[in-house]
Amino acid sequence: MPAIRNQVKELRALREITQQELADRVGVTRQTVIAIEQDKYSPSLETAFKVALELGVPLEQCFQYDPKGKR
Amino acid sequence: MTTSLSYREKTLYASLVAEIIVYGPYFFLHQQNSVNKVAGMIIAIIVLQVVLQLVIAAFTRNRVTDERDRLIELRGYRAGYLMVASLMVVGLAMLWFHATMGQLHLDNPKIGLHFLSVFFGILVISDITKTATQIVAYRRAL
């Protein structure tokens with residue numbers, strides 16, 4: 001399991017936002033949103049805050065840190 | 001869910017194609033016999049890269065680059081640098097080996113061209129390593 005996991009995919013689906021829309025709002029590429037959702041890329045703190053802000057949830061509801069996870 | 005190529009990834013594939021088209025014949029058809037050919041190659045790669053990048057830019061609407069692109073770029077440069085350093089060590093070891101065996105003829109008039117070819121080869125291999133590393137990072141989603 002990765003060290004940083006997220007609920008971006010689920011939260012985005014609840015709000016009916018497409019990957020491209022979220023990417024445009026956050027200022028990243030759609031490929032980066034895909035990589036984040038697949039837990040293959042851990043975004044910077046700034047991007048993580050922006051994603052949480054766009055999804056309308058606190059950061060810790062969107063991203064979680066697992067100290068036993070693989071970095 | 002599809003993962004179509006991003007703008008940066010398209011430019012990397014274009015760079016790799018340009019490198020193979022220009023450097024391939026140079027190294028595999030043994031064209032390393034004049035300084036003019038080296039200069040011609042450098043001009044050819046620059047022109048081809050500019051043309052390909054312009055075509056990609058013209059046909060790509062979303063040209064956003066982000067932190068992940070920059071991270072992948074840095075990974076590529078690190079791999080390229082490690083390749084330069086490794087090949088330089090190998091090259092120096094071979095030079096030392098030839099010198100100790102008495103096979104290094106510095107009075108040969110072609111020696112300068114030979115060294116130029118080796119250094120250029122190191123740069124080319126490192127550049128291809130950099131581009132390939134970046135493409136692999138994109139394909140693995142980092």
# chains A, B, ... in the order shown; residues from 1 in each chain; ligands from 1
>>> residues_around(residues="Phe63 in chain A", least_positions_apart="4", cutoff="9 Å", atoms="only C-alpha atoms", output="list in words")
Ile4, Arg5, Asn6, Gln7, Val8, Ala48, Ala52, Pro58 and Leu59 of chain A
>>> residues_around(residues="range 36-50 of chain B", least_positions_apart="6", cutoff="12 Å", atoms="only C-alpha atoms", output="ChimeraX atom specification")
/B:11-27,30,56-57,113-114,116-121,123-124,127
>>> interface_residues(of="chain B", to="chain A", cutoff="8 Å", atoms="only C-alpha atoms", output="VMD selection string")
chain B and resid 3 to 6 64 to 68 141 to 142
>>> write_last_selection(atoms="C-alpha atoms", output="PDB file, in the first residue's frame")
ATOM      1  CA  THR B   3      -4.623   8.002 -20.518  1.00  0.00           C
ATOM      2  CA  SER B   4      -3.918   9.871 -23.746  1.00  0.00           C
ATOM      3  CA  LEU B   5      -0.509  11.461 -24.151  1.00  0.00           C
ATOM      4  CA  SER B   6       0.137  14.814 -22.515  1.00  0.00           C
ATOM      5  CA  VAL B  64      -0.200  22.833 -19.546  1.00  0.00           C
ATOM      6  CA  THR B  65       2.858  21.524 -17.712  1.00  0.00           C
ATOM      7  CA  ASP B  66       2.831  20.896 -13.977  1.00  0.00           C
ATOM      8  CA  GLU B  67       4.886  19.752 -10.988  1.00  0.00           C
ATOM      9  CA  ARG B  68       4.827  16.110 -12.117  1.00  0.00           C
ATOM     10  CA  ALA B 141       2.672   7.273 -14.265  1.00  0.00           C
ATOM     11  CA  LEU B 142       5.956   8.161 -12.431  1.00  0.00           C
TER      12      LEU B 142
END
>>> closest_residue(among="A:Lys70, A:Glu16, A:Glu10, A:Leu22", to="Glu54 in chain A", atoms="only C-alpha atoms")
A:Leu22
>>> select_by_dssp(residues="chain A", states="alpha helix (DSSP H)", output="MDAnalysis selection string")
chainID A and resid 8:14 19:26 30:37 45:55 59:62
>>> closest_residue(among="B:Gln53, B:Gln134, B:Ser34, B:Ser86", to="Lys110 in chain B", atoms="only C-alpha atoms")
B:Ser34
